[in-house]
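Asks: The following file, query-v7.cif, comprises mmCIF, C-alpha atoms:
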```cif
data_target
#
loop_
_atom_site.label_atom_id
_atom_site.label_comp_id
_atom_site.auth_asym_id
_atom_site.auth_seq_id
_atom_site.Cartn_x
_atom_site.Cartn_y
_atom_site.Cartn_z
CA MET A 990 0.00 0.00 0.00
CA GLN A 991 1.22 3.44 -0.90
CA THR A 992 2.33 5.90 1.76
CA PRO A 993 -0.12 8.79 2.21
CA ARG A 994 0.98 11.92 0.41
CA VAL A 995 1.84 14.76 2.78
CA GLN A 996 0.75 18.33 2.15
CA LEU A 997 1.96 21.27 4.20
CA ARG A 998 0.47 24.61 5.01
CA LEU A 999 2.53 27.25 6.74
CA LEU A 1000 0.59 29.83 8.75
CA LEU A 1001 2.66 32.95 8.29
CA ALA A 1002 0.11 35.29 9.88
CA ALA A 1003 -3.57 35.36 10.81
CA ASP A 1004 -4.59 35.93 7.19
CA LYS A 1005 -1.48 34.78 5.35
CA THR A 1006 -0.64 31.23 4.49
CA PHE A 1007 1.71 29.40 2.18
CA GLY A 1008 0.47 25.98 1.12
CA PRO A 1009 0.16 23.55 -1.78
CA GLY A 1010 -1.95 25.85 -3.96
CA LYS A 1011 0.49 28.75 -3.87
CA ALA A 1012 3.46 26.42 -4.20
CA ASP A 1013 1.95 24.85 -7.34
CA LEU A 1014 1.10 28.27 -8.77
CA LEU A 1015 4.66 29.45 -8.17
CA THR A 1016 6.01 26.31 -9.84
CA LEU A 1017 3.79 26.85 -12.89
CA ILE A 1018 4.69 30.55 -13.19
CA GLN A 1019 8.32 29.47 -13.09
CA SER A 1020 7.87 27.09 -16.00
CA LEU A 1021 5.25 28.98 -18.04
CA GLY A 1022 6.44 32.56 -17.44
CA SER A 1023 2.86 33.81 -17.15
CA ILE A 1024 0.40 34.25 -14.28
CA ALA A 1025 -2.57 33.81 -16.62
CA ALA A 1026 -1.23 30.59 -18.12
CA ALA A 1027 -0.30 29.22 -14.69
CA GLY A 1028 -3.79 30.01 -13.38
CA ARG A 1029 -5.43 28.36 -16.39
CA GLU A 1030 -3.37 25.23 -15.80
CA MET A 1031 -4.78 25.14 -12.25
CA LYS A 1032 -8.30 25.88 -13.51
CA MET A 1033 -8.52 29.11 -11.55
CA SER A 1034 -9.68 32.53 -12.78
CA TYR A 1035 -7.09 35.13 -13.68
CA LYS A 1036 -8.32 37.22 -10.74
CA ARG A 1037 -7.85 34.33 -8.34
CA ALA A 1038 -4.32 33.65 -9.63
CA TRP A 1039 -3.48 37.34 -9.35
CA ASP A 1040 -4.88 37.55 -5.79
CA LEU A 1041 -2.65 34.66 -4.75
CA VAL A 1042 0.37 36.30 -6.38
CA GLU A 1043 -0.39 39.55 -4.52
CA GLU A 1044 -0.78 37.71 -1.24
CA MET A 1045 2.54 35.95 -1.76
CA ASN A 1046 4.26 39.20 -2.66
CA ALA A 1047 2.82 40.96 0.40
CA SER A 1048 3.87 38.17 2.76
CA PHE A 1049 7.59 38.30 2.18
CA SER A 1050 10.32 40.88 2.55
CA SER A 1051 10.50 41.29 -1.23
CA PRO A 1052 8.30 40.01 -4.09
CA LEU A 1053 8.29 36.33 -5.08
CA ILE A 1054 6.91 37.17 -8.52
CA THR A 1055 7.51 40.17 -10.77
CA THR A 1056 5.66 41.12 -13.95
CA GLU A 1057 7.19 42.77 -16.94
CA ARG A 1058 5.06 45.87 -16.89
CA GLY A 1059 4.63 46.01 -13.15
CA GLY A 1060 0.84 45.96 -13.03
CA HIS A 1061 -1.75 43.38 -14.00
CA ALA A 1062 0.20 42.45 -17.12
CA ARG A 1063 -1.24 39.39 -18.78
CA GLY A 1064 2.17 38.97 -20.36
CA GLY A 1065 5.44 37.84 -18.86
CA ALA A 1066 5.93 37.08 -15.20
CA GLN A 1067 9.07 35.91 -13.44
CA VAL A 1068 9.71 34.10 -10.20
CA THR A 1069 12.40 36.03 -8.32
CA GLU A 1070 15.41 34.54 -6.60
CA LEU A 1071 13.56 34.83 -3.29
CA GLY A 1072 10.52 33.12 -4.86
CA ALA A 1073 12.64 30.23 -6.04
CA LYS A 1074 14.19 29.87 -2.58
CA VAL A 1075 10.83 29.97 -0.78
CA LEU A 1076 9.62 27.23 -3.12
CA ALA A 1077 12.75 25.15 -2.60
CA HIS A 1078 12.50 25.32 1.20
CA TYR A 1079 8.81 24.46 1.08
CA ARG A 1080 9.46 21.41 -1.12
CA MET A 1081 12.31 20.40 1.16
CA LEU A 1082 10.01 20.42 4.19
CA GLU A 1083 7.51 18.30 2.26
CA GLU A 1084 10.14 15.85 1.10
CA ARG A 1085 11.60 15.37 4.54
CA LEU A 1086 8.18 14.27 5.77
CA GLN A 1087 7.49 12.18 2.70
CA GLN A 1088 10.58 10.04 3.18
CA LYS A 1089 10.11 6.34 2.75
CA GLY A 1090 10.02 4.44 5.99
CA ASP A 1091 8.99 7.37 8.17
CA PRO A 1092 7.55 5.60 11.22
CA ASP A 1093 4.70 8.08 11.84
CA LEU A 1094 3.58 8.01 8.21
CA GLN A 1095 4.02 4.26 8.08
CA PHE A 1096 1.47 3.95 10.88
CA PHE A 1097 -1.15 5.45 8.58
CA THR A 1098 -0.21 3.14 5.72
CA ASP A 1099 -0.46 0.13 8.01
CA HIS A 1100 -3.94 1.00 9.27
CA LEU A 1101 -5.82 2.18 6.20
CA ALA A 1102 -9.08 0.49 5.25
CA PRO A 1103 -8.58 -2.19 2.55
CA ASP A 1104 -10.51 -0.18 -0.06
CA VAL A 1105 -8.53 2.99 0.55
CA SER A 1106 -5.67 3.60 -1.85
CA LEU A 1107 -4.11 6.69 -3.30
CA PRO A 1108 -4.32 6.96 -7.09
CA SER A 1109 -1.00 7.93 -8.60
CA GLY A 1110 -2.48 11.02 -10.23
CA ALA A 1111 -3.40 12.53 -6.85
CA SER A 1112 -2.81 16.25 -6.98
CA SER A 1113 -3.02 19.16 -4.62
CA ASP A 1114 -6.35 20.38 -5.89
CA MET A 1115 -7.88 17.72 -3.65
CA PHE A 1116 -7.08 19.94 -0.70
CA ASP A 1117 -10.15 20.59 1.42
CA GLN A 1118 -10.86 22.07 4.80
CA THR A 1119 -10.53 18.97 6.87
CA MET B 834 9.74 37.00 14.79
CA GLN B 835 7.73 33.87 15.42
CA THR B 836 8.26 30.73 13.37
CA PRO B 837 5.35 30.02 11.00
CA ARG B 838 3.00 27.40 12.35
CA VAL B 839 2.99 24.21 10.30
CA GLN B 840 -0.20 22.37 9.41
CA LEU B 841 -0.26 18.97 7.79
CA ARG B 842 -2.74 17.22 5.55
CA LEU B 843 -2.29 13.57 4.70
CA LEU B 844 -3.86 12.43 1.43
CA LEU B 845 -4.95 8.90 2.21
CA ALA B 846 -6.92 8.42 -1.01
CA ALA B 847 -8.47 10.48 -3.79
CA ASP B 848 -11.39 11.49 -1.59
CA LYS B 849 -9.98 10.79 1.86
CA THR B 850 -7.77 13.11 3.85
CA PHE B 851 -6.62 13.50 7.40
CA GLY B 852 -5.76 17.05 8.35
CA PRO B 853 -6.01 19.71 11.06
CA GLY B 854 -9.83 19.81 11.10
CA LYS B 855 -10.27 16.08 11.71
CA ALA B 856 -7.36 16.03 14.17
CA ASP B 857 -8.95 18.84 16.19
CA LEU B 858 -12.36 17.13 16.10
CA LEU B 859 -10.82 13.88 17.30
CA THR B 860 -9.05 15.74 20.11
CA LEU B 861 -12.29 17.41 21.20
CA ILE B 862 -14.29 14.16 21.08
CA GLN B 863 -11.57 12.65 23.26
CA SER B 864 -11.96 15.36 25.89
CA LEU B 865 -15.71 16.03 25.64
CA GLY B 866 -16.95 12.48 24.98
CA SER B 867 -19.54 13.73 22.49
CA ILE B 868 -19.55 14.32 18.72
CA ALA B 869 -22.22 17.04 19.05
CA ALA B 870 -20.30 18.93 21.74
CA ALA B 871 -17.02 18.61 19.84
CA GLY B 872 -18.69 19.92 16.67
CA ARG B 873 -20.24 22.85 18.56
CA GLU B 874 -16.83 23.77 19.94
CA MET B 875 -15.56 23.93 16.34
CA LYS B 876 -18.65 25.86 15.22
CA MET B 877 -19.70 23.15 12.79
CA SER B 878 -23.14 21.60 12.35
CA TYR B 879 -23.87 18.23 13.90
CA LYS B 880 -24.22 16.82 10.39
CA ARG B 881 -20.81 18.13 9.39
CA ALA B 882 -19.16 16.70 12.51
CA TRP B 883 -20.87 13.36 11.93
CA ASP B 884 -19.77 13.32 8.25
CA LEU B 885 -16.17 13.84 9.32
CA VAL B 886 -16.46 11.07 11.91
CA GLU B 887 -17.87 8.72 9.27
CA GLU B 888 -15.09 9.63 6.84
CA MET B 889 -12.47 8.95 9.51
CA ASN B 890 -14.07 5.64 10.44
CA ALA B 891 -14.24 4.57 6.78
CA SER B 892 -10.60 5.47 6.10
CA PHE B 893 -8.97 3.16 8.60
CA SER B 894 -8.88 -0.57 9.22
CA SER B 895 -11.14 -0.15 12.26
CA PRO B 896 -13.15 2.82 13.61
CA LEU B 897 -11.41 5.79 15.25
CA ILE B 898 -14.62 6.78 17.05
CA THR B 899 -17.41 4.65 18.49
CA THR B 900 -20.80 5.81 19.78
CA GLU B 901 -22.68 4.26 22.65
CA ARG B 902 -25.76 3.30 20.71
CA GLY B 903 -23.97 2.63 17.46
CA GLY B 904 -25.93 5.01 15.25
CA HIS B 905 -26.26 8.77 15.19
CA ALA B 906 -26.34 8.92 18.97
CA ARG B 907 -26.16 12.48 20.21
CA GLY B 908 -24.92 11.01 23.46
CA GLY B 909 -21.61 9.45 24.37
CA ALA B 910 -18.80 8.92 21.86
CA GLN B 911 -15.39 7.44 22.47
CA VAL B 912 -12.11 7.69 20.65
CA THR B 913 -10.79 4.14 20.19
CA GLU B 914 -7.26 2.99 20.84
CA LEU B 915 -6.59 3.21 17.09
CA GLY B 916 -8.05 6.73 17.05
CA ALA B 917 -5.75 7.83 19.84
CA LYS B 918 -2.75 6.36 18.02
CA VAL B 919 -3.65 7.99 14.69
CA LEU B 920 -3.90 11.32 16.51
CA ALA B 921 -0.60 10.79 18.31
CA HIS B 922 1.28 9.97 15.10
CA TYR B 923 -0.26 12.96 13.34
CA ARG B 924 0.77 15.31 16.17
CA MET B 925 4.24 13.77 16.15
CA LEU B 926 4.65 14.54 12.45
CA GLU B 927 3.53 18.13 13.10
CA GLU B 928 5.87 18.56 16.03
CA ARG B 929 8.85 17.22 14.19
CA LEU B 930 8.38 19.89 11.54
CA GLN B 931 7.63 22.59 14.08
CA GLN B 932 10.93 22.14 15.88
CA LYS B 933 12.76 25.29 16.80
CA GLY B 934 15.71 26.02 14.59
CA ASP B 935 14.52 24.00 11.61
CA PRO B 936 16.53 25.53 8.76
CA ASP B 937 13.77 25.32 6.13
CA LEU B 938 11.18 26.92 8.42
CA GLN B 939 13.71 29.47 9.59
CA PHE B 940 14.08 30.66 6.01
CA PHE B 941 10.42 31.71 6.05
CA THR B 942 10.80 33.50 9.39
CA ASP B 943 13.82 35.38 8.08
CA HIS B 944 12.08 36.61 4.93
CA LEU B 945 8.61 37.61 6.07
CA ALA B 946 7.37 41.13 5.40
CA PRO B 947 7.82 43.42 8.43
CA ASP B 948 4.06 43.72 9.02
CA VAL B 949 3.50 39.98 8.92
CA SER B 950 3.38 38.29 12.29
CA LEU B 951 1.50 35.34 13.65
CA PRO B 952 -0.86 36.14 16.51
CA SER B 953 -0.46 33.71 19.39
CA GLY B 954 -4.12 32.68 19.21
CA ALA B 955 -3.73 31.36 15.66
CA SER B 956 -5.81 28.25 15.28
CA SER B 957 -6.47 25.64 12.66
CA ASP B 958 -9.78 27.14 11.56
CA MET B 959 -7.70 29.55 9.49
CA PHE B 960 -7.03 26.73 7.07
CA ASP B 961 -7.98 27.70 3.53
CA GLN B 962 -7.52 26.28 0.07
CA THR B 963 -4.23 27.86 -0.79
#
```
Represent the structure of the file as structure tokens.

Replies:
Amino acid sequence: MQTPRVQLRLLLAADKTFGPGKADLLTLIQSLGSIAAAGREMKMSYKRAWDLVEEMNASFSSPLITTERGGHARGGAQVTELGAKVLAHYRMLEERLQQKGDPDLQFFTDHLAPDVSLPSGASSDMFDQT
Amino acid sequence: MQTPRVQLRLLLAADKTFGPGKADLLTLIQSLGSIAAAGREMKMSYKRAWDLVEEMNASFSSPLITTERGGHARGGAQVTELGAKVLAHYRMLEERLQQKGDPDLQFFTDHLAPDVSLPSGASSDMFDQT
């Protein structure tokens, strides 16, 4: 049986979080070079993608994402050096927990119901409130 | 500046998760001995609390919560030995990540915006989709 996949959310402040959704958006902006295209890939509206970008930029000491014309440019967007580092440290935290043979995670694997198994295509958009 | 608080969600299956909401509900059922009272404490409907209990019970090899009269009893509920262990392993995973001086978490602390700080009363009901 497959080990449960671990997702992390960091509570940075009362109304500021960094979790799987923002991490995936950042990853997609990095590879696609566009906030609009990254949002589309995640099936979110352009406004939603932009709100998340603004929240990320406001949470850190300098922006994680910059756009070519500064404002709501639908064109080019870049992940900054700080953005890349934030993403790397977030993935590192995830990976450290996801390690094979972790005894606490293994407990879950060992006690799942027989009909419960994680499909390999499981993605972070399954995140819910519970 | 305070270290960001870490929340964990385990993806057990496509439609089954174990995260901060269920962990808190389990904790409250443990101390209050009632699904209804635990749900009220978390400001959720009785139906919602019961749905989460049923999802937890269906996810594992045996129930995490039992009720005195079996069904939708509004009366006594108990967390089973397996339930207590699931909770303990979940909290252990959280704590291991939350350790002071963790270099990956520290990176976030070091690069937060000056006006971003975590109030001490921060609780898991701040969980959102991102």

Asks: Report the distance between atom CA of A:Val995 and atom CA of A:Gln1087 in Å, rounded to one decimal place.

Replies: 6.2 Å

Asks: Check every residue of chain B for an atom within 6 Å of chain A, counting all atoms listed in the file, and provide those that qualify as a VMD selection string.

Replies: chain B and resid 837 to 847 852 854 to 855 892 to 894 922 937 944 to 946 949 to 951 963

Asks: Just to confirm, what's the straight-line distance from atom CA of A:Ala1026 to atom CA of A:Ala1073 in Å (one decimal)?

Replies: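 It comes out at 18.4 Å.
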
Asks: How many Å separate atom CA of B:Thr900 from atom CA of B:Met875?

Replies: 19.2 Å

Asks: Give me the residues within 7 Å of B:Gly866 as a list in words, counting only C-alpha atoms and dropping any in the same chain fewer than 4 places off.

Replies: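 Result of the neighbour search: Ile862, Gly909, Ala910 and Gln911 of chain B.
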